[in-house]
>>> print(open('structure_14.pdb').read())   # PDB, C-alpha atoms
ATOM      1  CA  MET P 261      94.309 119.992 110.235
ATOM      2  CA  PHE P 262      96.782 122.273 108.491
ATOM      3  CA  ALA P 263      99.049 119.483 107.320
ATOM      4  CA  ASP P 264     101.239 119.690 104.283
ATOM      5  CA  PRO P 265      98.986 120.063 101.201
ATOM      6  CA  SER P 266     100.709 117.068  99.602
ATOM      7  CA  LYS P 267      99.469 114.890 102.501
ATOM      8  CA  TRP P 268      95.913 116.101 101.862
ATOM      9  CA  ASP P 269      96.325 115.349  98.155
ATOM     10  CA  GLU P 270      97.556 111.854  98.969
ATOM     11  CA  VAL P 271      94.732 111.015 101.403
ATOM     12  CA  LEU P 272      91.990 112.504  99.229
ATOM     13  CA  GLY P 273      93.542 110.951  96.120
ATOM     14  CA  VAL P 274      93.430 107.441  97.534
ATOM     15  CA  ASN P 275      90.367 107.467  99.794
ATOM     16  CA  LEU P 276      87.981 109.662  97.811
ATOM     17  CA  MET P 277      89.246 109.996  94.251
ATOM     18  CA  GLY P 278      90.063 106.269  94.123
ATOM     19  CA  VAL P 279      86.410 105.515  94.876
ATOM     20  CA  ILE P 280      85.198 108.131  92.379
ATOM     21  CA  HIS P 281      87.438 106.694  89.659
ATOM     22  CA  GLY P 282      86.226 103.168  90.442
ATOM     23  CA  VAL P 283      82.600 104.288  90.177
ATOM     24  CA  GLN P 284      83.294 106.106  86.912
ATOM     25  CA  ALA P 285      85.103 103.098  85.459
ATOM     26  CA  PHE P 286      82.670 100.326  86.376
ATOM     27  CA  VAL P 287      79.181 101.642  87.116
ATOM     28  CA  PRO P 288      78.232 102.751  83.574
ATOM     29  CA  GLY P 289      78.776  99.193  82.304
ATOM     30  CA  MET P 290      76.801  97.789  85.208
ATOM     31  CA  VAL P 291      73.881 100.086  84.411
ATOM     32  CA  GLU P 292      74.033  99.274  80.682
ATOM     33  CA  GLY P 293      74.138  95.544  81.357
ATOM     34  CA  GLU P 294      71.241  93.316  82.215
ATOM     35  CA  ALA P 295      72.579  91.415  85.219
ATOM     36  CA  PRO P 296      72.008  92.407  88.829
ATOM     37  CA  ALA P 297      75.050  94.185  90.218
ATOM     38  CA  LEU P 298      76.187  96.017  93.293
ATOM     39  CA  VAL P 299      78.782  98.535  94.363
ATOM     40  CA  ILE P 300      80.194  98.486  97.876
ATOM     41  CA  ASN P 301      82.248 101.518  98.856
ATOM     42  CA  THR P 302      84.238 101.556 102.078
ATOM     43  CA  GLY P 303      83.596 104.517 104.319
ATOM     44  CA  SER P 304      84.564 105.001 107.942
ATOM     45  CA  LYS P 305      82.897 105.894 111.204
ATOM     46  CA  GLN P 306      85.315 108.829 111.203
ATOM     47  CA  GLY P 307      83.569 110.142 108.082
ATOM     48  CA  ILE P 308      80.373 110.333 110.140
ATOM     49  CA  THR P 309      81.452 111.361 113.653
ATOM     50  CA  GLN P 310      84.543 113.399 112.638
ATOM     51  CA  PRO P 311      86.883 112.822 115.597
ATOM     52  CA  PRO P 312      89.680 115.367 115.827
ATOM     53  CA  GLY P 313      93.193 114.410 114.827
ATOM     54  CA  ASN P 314      93.056 113.409 111.162
ATOM     55  CA  THR P 315      90.853 115.879 109.352
ATOM     56  CA  ALA P 316      92.020 114.904 105.859
ATOM     57  CA  TYR P 317      91.006 111.292 106.480
ATOM     58  CA  ASN P 318      87.660 112.380 107.945
ATOM     59  CA  VAL P 319      86.971 114.601 104.928
ATOM     60  CA  SER P 320      87.851 111.814 102.508
ATOM     61  CA  LYS P 321      85.537 109.320 104.204
ATOM     62  CA  ALA P 322      82.718 111.870 104.567
ATOM     63  CA  GLY P 323      83.060 112.361 100.815
ATOM     64  CA  VAL P 324      82.772 108.605 100.232
ATOM     65  CA  LYS P 325      79.580 108.589 102.325
ATOM     66  CA  ALA P 326      78.053 111.465 100.340
ATOM     67  CA  LEU P 327      79.136 109.962  97.016
ATOM     68  CA  THR P 328      77.703 106.552  97.848
ATOM     69  CA  GLU P 329      74.413 107.979  99.120
ATOM     70  CA  GLY P 330      74.000 109.923  95.877
ATOM     71  CA  LEU P 331      75.067 106.918  93.815
ATOM     72  CA  ALA P 332      72.512 104.669  95.548
ATOM     73  CA  HIS P 333      69.742 107.126  94.749
ATOM     74  CA  SER P 334      70.826 107.515  91.116
ATOM     75  CA  LEU P 335      71.117 103.771  90.610
ATOM     76  CA  ARG P 336      67.688 103.181  92.114
ATOM     77  CA  GLU P 337      66.221 105.731  89.684
ATOM     78  CA  ARG P 338      68.149 104.562  86.590
ATOM     79  CA  SER P 339      68.193 100.793  87.011
ATOM     80  CA  GLY P 340      65.069 100.114  89.031
ATOM     81  CA  SER P 341      67.282  98.799  91.839
ATOM     82  CA  ARG P 342      68.865  96.158  89.560
ATOM     83  CA  VAL P 343      72.166  97.842  90.358
ATOM     84  CA  SER P 344      72.592  98.935  93.959
ATOM     85  CA  ALA P 345      75.185 100.771  96.003
ATOM     86  CA  HIS P 346      76.055 100.139  99.641
ATOM     87  CA  LEU P 347      78.261 101.902 102.170
ATOM     88  CA  LEU P 348      80.477  99.624 104.253
ATOM     89  CA  VAL P 349      81.424 101.343 107.512
ATOM     90  CA  PRO P 350      83.839  99.020 109.297
ATOM     91  CA  GLY P 351      84.926  99.279 112.883
ATOM     92  CA  PHE P 352      88.451  98.527 114.029
ATOM     93  CA  THR P 353      89.581  95.877 111.551
ATOM     94  CA  TRP P 354      92.851  93.932 111.397
ATOM     95  CA  THR P 355      94.064  94.152 107.787
ATOM     96  CA  GLY P 356      97.330  94.236 105.895
ATOM     97  CA  MET P 357      97.350  98.008 106.356
ATOM     98  CA  THR P 358      96.968  97.829 110.139
ATOM     99  CA  GLY P 359      99.264  94.813 110.262
ATOM    100  CA  GLY P 360     102.150  96.970 109.096
ATOM    101  CA  ARG P 361     101.823  99.089 112.210
ATOM    102  CA  LEU P 362     100.981  96.343 114.699
ATOM    103  CA  ALA P 363     102.770  93.050 115.331
ATOM    104  CA  GLU P 364      99.594  91.056 116.040
ATOM    105  CA  LYS P 365      95.834  91.473 115.907
ATOM    106  CA  PRO P 366      94.680  93.525 118.880
ATOM    107  CA  PRO P 367      91.872  91.962 120.916
ATOM    108  CA  GLY P 368      89.588  94.895 120.060
ATOM    109  CA  ALA P 369      89.819  94.404 116.299
ATOM    110  CA  TRP P 370      87.685  92.280 114.028
ATOM    111  CA  THR P 371      89.272  90.238 111.273
ATOM    112  CA  ALA P 372      88.617  91.122 107.649
ATOM    113  CA  GLU P 373      86.713  87.831 107.394
ATOM    114  CA  GLN P 374      84.330  88.921 110.161
ATOM    115  CA  VAL P 375      83.687  92.214 108.376
ATOM    116  CA  VAL P 376      83.029  90.443 105.065
ATOM    117  CA  ALA P 377      80.652  87.954 106.708
ATOM    118  CA  LEU P 378      78.617  90.778 108.272
ATOM    119  CA  MET P 379      78.727  92.729 105.013
ATOM    120  CA  MET P 380      77.343  89.806 103.021
ATOM    121  CA  ASP P 381      74.539  89.263 105.557
ATOM    122  CA  ARG P 382      73.616  92.958 105.485
ATOM    123  CA  VAL P 383      73.704  93.140 101.658
ATOM    124  CA  ALA P 384      71.438  90.075 101.527
ATOM    125  CA  ALA P 385      69.069  91.901 103.898
ATOM    126  CA  GLY P 386      69.057  94.903 101.535
ATOM    127  CA  ASP P 387      70.845  97.327 103.873
ATOM    128  CA  PHE P 388      72.474 100.416 102.398
ATOM    129  CA  TYR P 389      74.466 101.371 105.516
ATOM    130  CA  ILE P 390      76.559  98.418 106.664
ATOM    131  CA  LEU P 391      77.810  99.582 110.034
ATOM    132  CA  CYS P 392      80.213  97.046 111.559
ATOM    133  CA  PRO P 393      80.898  96.812 115.251
ATOM    134  CA  ASP P 394      84.196  95.435 116.523
ATOM    135  CA  ASN P 395      85.378  93.843 119.750
ATOM    136  CA  GLU P 396      85.609  97.257 121.475
ATOM    137  CA  THR P 397      82.512  99.079 120.226
ATOM    138  CA  THR P 398      79.013  97.655 120.080
ATOM    139  CA  SER P 399      76.377  98.511 117.481
ATOM    140  CA  GLU P 400      74.450 100.337 120.221
ATOM    141  CA  GLN P 401      77.491 102.483 121.074
ATOM    142  CA  ASP P 402      78.014 103.290 117.387
ATOM    143  CA  ALA P 403      74.365 104.319 117.024
ATOM    144  CA  LYS P 404      74.582 106.623 120.030
ATOM    145  CA  ARG P 405      77.827 108.229 118.836
ATOM    146  CA  ILE P 406      76.325 108.858 115.404
ATOM    147  CA  ALA P 407      73.141 110.278 116.959
ATOM    148  CA  TRP P 408      75.250 112.569 119.141
ATOM    149  CA  ALA P 409      77.211 113.815 116.104
ATOM    150  CA  ALA P 410      73.952 114.599 114.271
ATOM    151  CA  GLY P 411      72.733 116.340 117.420
ATOM    152  CA  ASP P 412      75.593 118.835 117.197
ATOM    153  CA  LEU P 413      73.942 120.233 114.086
ATOM    154  CA  ILE P 414      70.332 119.857 115.202
ATOM    155  CA  GLU P 415      70.924 121.357 118.659
ATOM    156  CA  ASN P 416      73.541 123.897 117.518
ATOM    157  CA  ARG P 417      76.155 122.580 119.931
ATOM    158  CA  PRO P 418      79.818 123.440 119.355
ATOM    159  CA  ALA P 419      81.434 121.529 116.518
ATOM    160  CA  LEU P 420      82.662 118.123 117.659
ATOM    161  CA  SER P 421      81.064 118.672 121.074
ATOM    162  CA  ARG P 422      81.804 115.079 122.052
ATOM    163  CA  TRP P 423      85.430 116.174 122.491
ATOM    164  CA  HIS P 424      84.650 119.699 123.792
ATOM    165  CA  ALA P 425      85.577 120.217 127.462
ATOM    166  CA  ASP P 426      82.193 121.829 128.234
ATOM    167  CA  TRP P 427      80.277 118.873 126.750
ATOM    168  CA  ARG P 428      82.449 115.882 127.675
ATOM    169  CA  ASP P 429      80.439 114.987 130.799
ATOM    170  CA  VAL P 430      77.104 115.472 129.029
ATOM    171  CA  PHE P 431      78.271 113.144 126.257
ATOM    172  CA  ALA P 432      79.446 110.546 128.787
ATOM    173  CA  GLU P 433      76.025 110.655 130.488
ATOM    174  CA  PHE P 434      74.303 110.344 127.091
ATOM    175  CA  MET P 435      76.336 107.209 126.372
ATOM    176  CA  ARG P 436      75.439 105.710 129.784
ATOM    177  CA  ASP P 437      71.677 106.179 129.306
TER     178      ASP P 437
END
>>> encode(input="structure_14.pdb", output="structure tokens")
Amino acid sequence: MFADPSKWDEVLGVNLMGVIHGVQAFVPGMVEGEAPALVINTGSKQGITQPPGNTAYNVSKAGVKALTEGLAHSLRERSGSRVSAHLLVPGFTWTGMTGGRLAEKPPGAWTAEQVVALMMDRVAAGDFYILCPDNETTSEQDAKRIAWAAGDLIENRPALSRWHADWRDVFAEFMRD
């Protein structure tokens, strides 16, 4: 959490400011044009459920979620939905970035091609949130984890109660139901 400020700058610079700069560079032309267009920003489940361990990453991806939600609303208002925005929320995905750390694709990971195929299906269906499962976590498990995270706020549980010793068993029971 209290990492070197330069590490925070690096993570926020790439994950959040990179998306902001991309939106600023391309979206005005899309809105001014006449052709249908779409923006797909890549978030993360960590930007929604906030697991402990990499707070800078979580903050950056939560920012991408908020930015893309606001962008989708603005585009709907300004372009009559001719230009849309979507939030891709991949699960564990084998990419060039993960490949540098791992010698081969882990069984739990999806390939980038699987993520893209799901993304294209969900965009065609008109989905804003494109939540991808993987070979370890089902869509149902993702939905329950996200609901639990929202419940922390609604029920005034301790922050990140899923990982809190007093709530660990309650969370495990919630996931079993």
>>> closest_residue(input="structure_14.pdb", among="P:Phe431, P:Asn301, P:Glu270, P:Leu413", to="P:Ala322", atoms="all atoms listed in the file")
P:Asn301
>>> closest_residue(input="structure_14.pdb", among="P:Leu378, P:Val343, P:Met290, P:Ala369", to="P:Asn395", atoms="all atoms listed in the file")
P:Ala369
>>> closest_residue(input="structure_14.pdb", among="P:Asp437, P:Ala377, P:Trp423, P:Ser341", to="P:Ala295", atoms="all atoms listed in the file")
P:Ser341
>>> atom_distance(input="structure_14.pdb", atom1="atom CA of P:Lys404", atom2="atom CA of P:Arg361")
29.3 Å
>>> residues_near_point(input="structure_14.pdb", point="(73.4, 103.2, 104.3)", cutoff="9 Å", atoms="all atoms listed in the file", output="ChimeraX atom specification")
/P:325,328-329,332,345-349,387-391
>>> residues_around(input="structure_14.pdb", residues="P:Trp408", least_positions_apart="5", cutoff="10 Å", atoms="only C-alpha atoms", output="ChimeraX atom specification")
/P:309,402-403,413-415,420-422,431,434-435
>>> atom_distance(input="structure_14.pdb", atom1="atom CA of P:Leu276", atom2="atom CA of P:Lys321")
6.9 Å
>>> atom_distance(input="structure_14.pdb", atom1="atom CA of P:Gly282", atom2="atom CA of P:Ser344")
14.7 Å
>>> decode(input="structure_14.pdb", residues="stretch 367-380 of chain P", atoms="all heavy atoms", output="PDB file, in the first residue's frame")
ATOM      1  N   PRO P 367      -3.200 -23.940 -16.514  1.00  0.00           N
ATOM      2  CA  PRO P 367      -4.507 -24.521 -16.856  1.00  0.00           C
ATOM      3  C   PRO P 367      -5.678 -23.597 -16.490  1.00  0.00           C
ATOM      4  O   PRO P 367      -6.718 -23.636 -17.138  1.00  0.00           O
ATOM      5  CB  PRO P 367      -4.561 -25.815 -16.039  1.00  0.00           C
ATOM      6  CG  PRO P 367      -3.180 -26.091 -15.585  1.00  0.00           C
ATOM      7  CD  PRO P 367      -2.422 -24.797 -15.626  1.00  0.00           C
ATOM      8  N   GLY P 368      -5.501 -22.767 -15.473  1.00  0.00           N
ATOM      9  CA  GLY P 368      -6.587 -21.896 -15.031  1.00  0.00           C
ATOM     10  C   GLY P 368      -6.822 -20.688 -15.917  1.00  0.00           C
ATOM     11  O   GLY P 368      -7.860 -20.030 -15.811  1.00  0.00           O
ATOM     12  N   ALA P 369      -5.881 -20.373 -16.775  1.00  0.00           N
ATOM     13  CA  ALA P 369      -5.969 -19.152 -17.586  1.00  0.00           C
ATOM     14  C   ALA P 369      -6.714 -19.389 -18.890  1.00  0.00           C
ATOM     15  O   ALA P 369      -6.674 -20.480 -19.453  1.00  0.00           O
ATOM     16  CB  ALA P 369      -4.567 -18.629 -17.887  1.00  0.00           C
ATOM     17  N   TRP P 370      -7.369 -18.332 -19.344  1.00  0.00           N
ATOM     18  CA  TRP P 370      -7.915 -18.303 -20.702  1.00  0.00           C
ATOM     19  C   TRP P 370      -6.841 -17.758 -21.623  1.00  0.00           C
ATOM     20  O   TRP P 370      -5.931 -17.046 -21.190  1.00  0.00           O
ATOM     21  CB  TRP P 370      -9.121 -17.371 -20.761  1.00  0.00           C
ATOM     22  CG  TRP P 370     -10.443 -18.047 -20.542  1.00  0.00           C
ATOM     23  CD1 TRP P 370     -10.673 -19.237 -19.925  1.00  0.00           C
ATOM     24  CD2 TRP P 370     -11.716 -17.530 -20.933  1.00  0.00           C
ATOM     25  NE1 TRP P 370     -12.012 -19.487 -19.900  1.00  0.00           N
ATOM     26  CE2 TRP P 370     -12.678 -18.460 -20.519  1.00  0.00           C
ATOM     27  CE3 TRP P 370     -12.126 -16.383 -21.583  1.00  0.00           C
ATOM     28  CZ2 TRP P 370     -14.038 -18.281 -20.742  1.00  0.00           C
ATOM     29  CZ3 TRP P 370     -13.474 -16.193 -21.806  1.00  0.00           C
ATOM     30  CH2 TRP P 370     -14.423 -17.139 -21.391  1.00  0.00           C
ATOM     31  N   THR P 371      -6.977 -18.044 -22.909  1.00  0.00           N
ATOM     32  CA  THR P 371      -6.110 -17.414 -23.900  1.00  0.00           C
ATOM     33  C   THR P 371      -6.686 -16.051 -24.261  1.00  0.00           C
ATOM     34  O   THR P 371      -7.881 -15.786 -24.043  1.00  0.00           O
ATOM     35  CB  THR P 371      -6.020 -18.269 -25.177  1.00  0.00           C
ATOM     36  OG1 THR P 371      -7.317 -18.316 -25.783  1.00  0.00           O
ATOM     37  CG2 THR P 371      -5.502 -19.671 -24.885  1.00  0.00           C
ATOM     38  N   ALA P 372      -5.855 -15.202 -24.823  1.00  0.00           N
ATOM     39  CA  ALA P 372      -6.341 -13.896 -25.285  1.00  0.00           C
ATOM     40  C   ALA P 372      -7.431 -14.084 -26.336  1.00  0.00           C
ATOM     41  O   ALA P 372      -8.402 -13.318 -26.383  1.00  0.00           O
ATOM     42  CB  ALA P 372      -5.176 -13.081 -25.842  1.00  0.00           C
ATOM     43  N   GLU P 373      -7.305 -15.109 -27.148  1.00  0.00           N
ATOM     44  CA  GLU P 373      -8.315 -15.378 -28.188  1.00  0.00           C
ATOM     45  C   GLU P 373      -9.668 -15.711 -27.577  1.00  0.00           C
ATOM     46  O   GLU P 373     -10.710 -15.292 -28.102  1.00  0.00           O
ATOM     47  CB  GLU P 373      -7.845 -16.525 -29.105  1.00  0.00           C
ATOM     48  CG  GLU P 373      -6.650 -16.177 -29.973  1.00  0.00           C
ATOM     49  CD  GLU P 373      -5.298 -16.242 -29.244  1.00  0.00           C
ATOM     50  OE1 GLU P 373      -5.230 -16.769 -28.096  1.00  0.00           O
ATOM     51  OE2 GLU P 373      -4.306 -15.756 -29.812  1.00  0.00           O
ATOM     52  N   GLN P 374      -9.683 -16.440 -26.467  1.00  0.00           N
ATOM     53  CA  GLN P 374     -10.944 -16.739 -25.789  1.00  0.00           C
ATOM     54  C   GLN P 374     -11.587 -15.462 -25.254  1.00  0.00           C
ATOM     55  O   GLN P 374     -12.801 -15.285 -25.355  1.00  0.00           O
ATOM     56  CB  GLN P 374     -10.720 -17.719 -24.631  1.00  0.00           C
ATOM     57  CG  GLN P 374     -10.441 -19.135 -25.056  1.00  0.00           C
ATOM     58  CD  GLN P 374     -10.097 -20.002 -23.859  1.00  0.00           C
ATOM     59  OE1 GLN P 374      -9.045 -19.843 -23.247  1.00  0.00           O
ATOM     60  NE2 GLN P 374     -10.998 -20.930 -23.537  1.00  0.00           N
ATOM     61  N   VAL P 375     -10.765 -14.591 -24.681  1.00  0.00           N
ATOM     62  CA  VAL P 375     -11.281 -13.329 -24.146  1.00  0.00           C
ATOM     63  C   VAL P 375     -11.872 -12.487 -25.275  1.00  0.00           C
ATOM     64  O   VAL P 375     -12.973 -11.943 -25.154  1.00  0.00           O
ATOM     65  CB  VAL P 375     -10.187 -12.547 -23.379  1.00  0.00           C
ATOM     66  CG1 VAL P 375     -10.664 -11.150 -23.003  1.00  0.00           C
ATOM     67  CG2 VAL P 375      -9.750 -13.327 -22.143  1.00  0.00           C
ATOM     68  N   VAL P 376     -11.155 -12.396 -26.387  1.00  0.00           N
ATOM     69  CA  VAL P 376     -11.638 -11.591 -27.520  1.00  0.00           C
ATOM     70  C   VAL P 376     -12.938 -12.171 -28.072  1.00  0.00           C
ATOM     71  O   VAL P 376     -13.868 -11.424 -28.391  1.00  0.00           O
ATOM     72  CB  VAL P 376     -10.555 -11.475 -28.612  1.00  0.00           C
ATOM     73  CG1 VAL P 376     -11.121 -10.881 -29.890  1.00  0.00           C
ATOM     74  CG2 VAL P 376      -9.386 -10.638 -28.093  1.00  0.00           C
ATOM     75  N   ALA P 377     -13.031 -13.483 -28.176  1.00  0.00           N
ATOM     76  CA  ALA P 377     -14.259 -14.100 -28.692  1.00  0.00           C
ATOM     77  C   ALA P 377     -15.453 -13.764 -27.795  1.00  0.00           C
ATOM     78  O   ALA P 377     -16.521 -13.370 -28.288  1.00  0.00           O
ATOM     79  CB  ALA P 377     -14.085 -15.611 -28.815  1.00  0.00           C
ATOM     80  N   LEU P 378     -15.277 -13.885 -26.479  1.00  0.00           N
ATOM     81  CA  LEU P 378     -16.356 -13.527 -25.556  1.00  0.00           C
ATOM     82  C   LEU P 378     -16.677 -12.042 -25.659  1.00  0.00           C
ATOM     83  O   LEU P 378     -17.840 -11.645 -25.699  1.00  0.00           O
ATOM     84  CB  LEU P 378     -15.995 -13.890 -24.119  1.00  0.00           C
ATOM     85  CG  LEU P 378     -17.100 -13.517 -23.125  1.00  0.00           C
ATOM     86  CD1 LEU P 378     -18.167 -14.596 -23.083  1.00  0.00           C
ATOM     87  CD2 LEU P 378     -16.542 -13.265 -21.754  1.00  0.00           C
ATOM     88  N   MET P 379     -15.632 -11.219 -25.730  1.00  0.00           N
ATOM     89  CA  MET P 379     -15.830  -9.773 -25.831  1.00  0.00           C
ATOM     90  C   MET P 379     -16.663  -9.422 -27.060  1.00  0.00           C
ATOM     91  O   MET P 379     -17.610  -8.640 -26.971  1.00  0.00           O
ATOM     92  CB  MET P 379     -14.476  -9.061 -25.897  1.00  0.00           C
ATOM     93  CG  MET P 379     -14.574  -7.548 -26.050  1.00  0.00           C
ATOM     94  SD  MET P 379     -12.947  -6.792 -26.305  1.00  0.00           S
ATOM     95  CE  MET P 379     -12.626  -7.253 -28.002  1.00  0.00           C
ATOM     96  N   MET P 380     -16.345 -10.002 -28.187  1.00  0.00           N
ATOM     97  CA  MET P 380     -17.089  -9.690 -29.414  1.00  0.00           C
ATOM     98  C   MET P 380     -18.545 -10.137 -29.304  1.00  0.00           C
ATOM     99  O   MET P 380     -19.451  -9.417 -29.739  1.00  0.00           O
ATOM    100  CB  MET P 380     -16.409 -10.337 -30.623  1.00  0.00           C
ATOM    101  CG  MET P 380     -14.995  -9.811 -30.871  1.00  0.00           C
ATOM    102  SD  MET P 380     -14.891  -8.012 -31.043  1.00  0.00           S
ATOM    103  CE  MET P 380     -15.696  -7.798 -32.611  1.00  0.00           C
TER     104      MET P 380
END
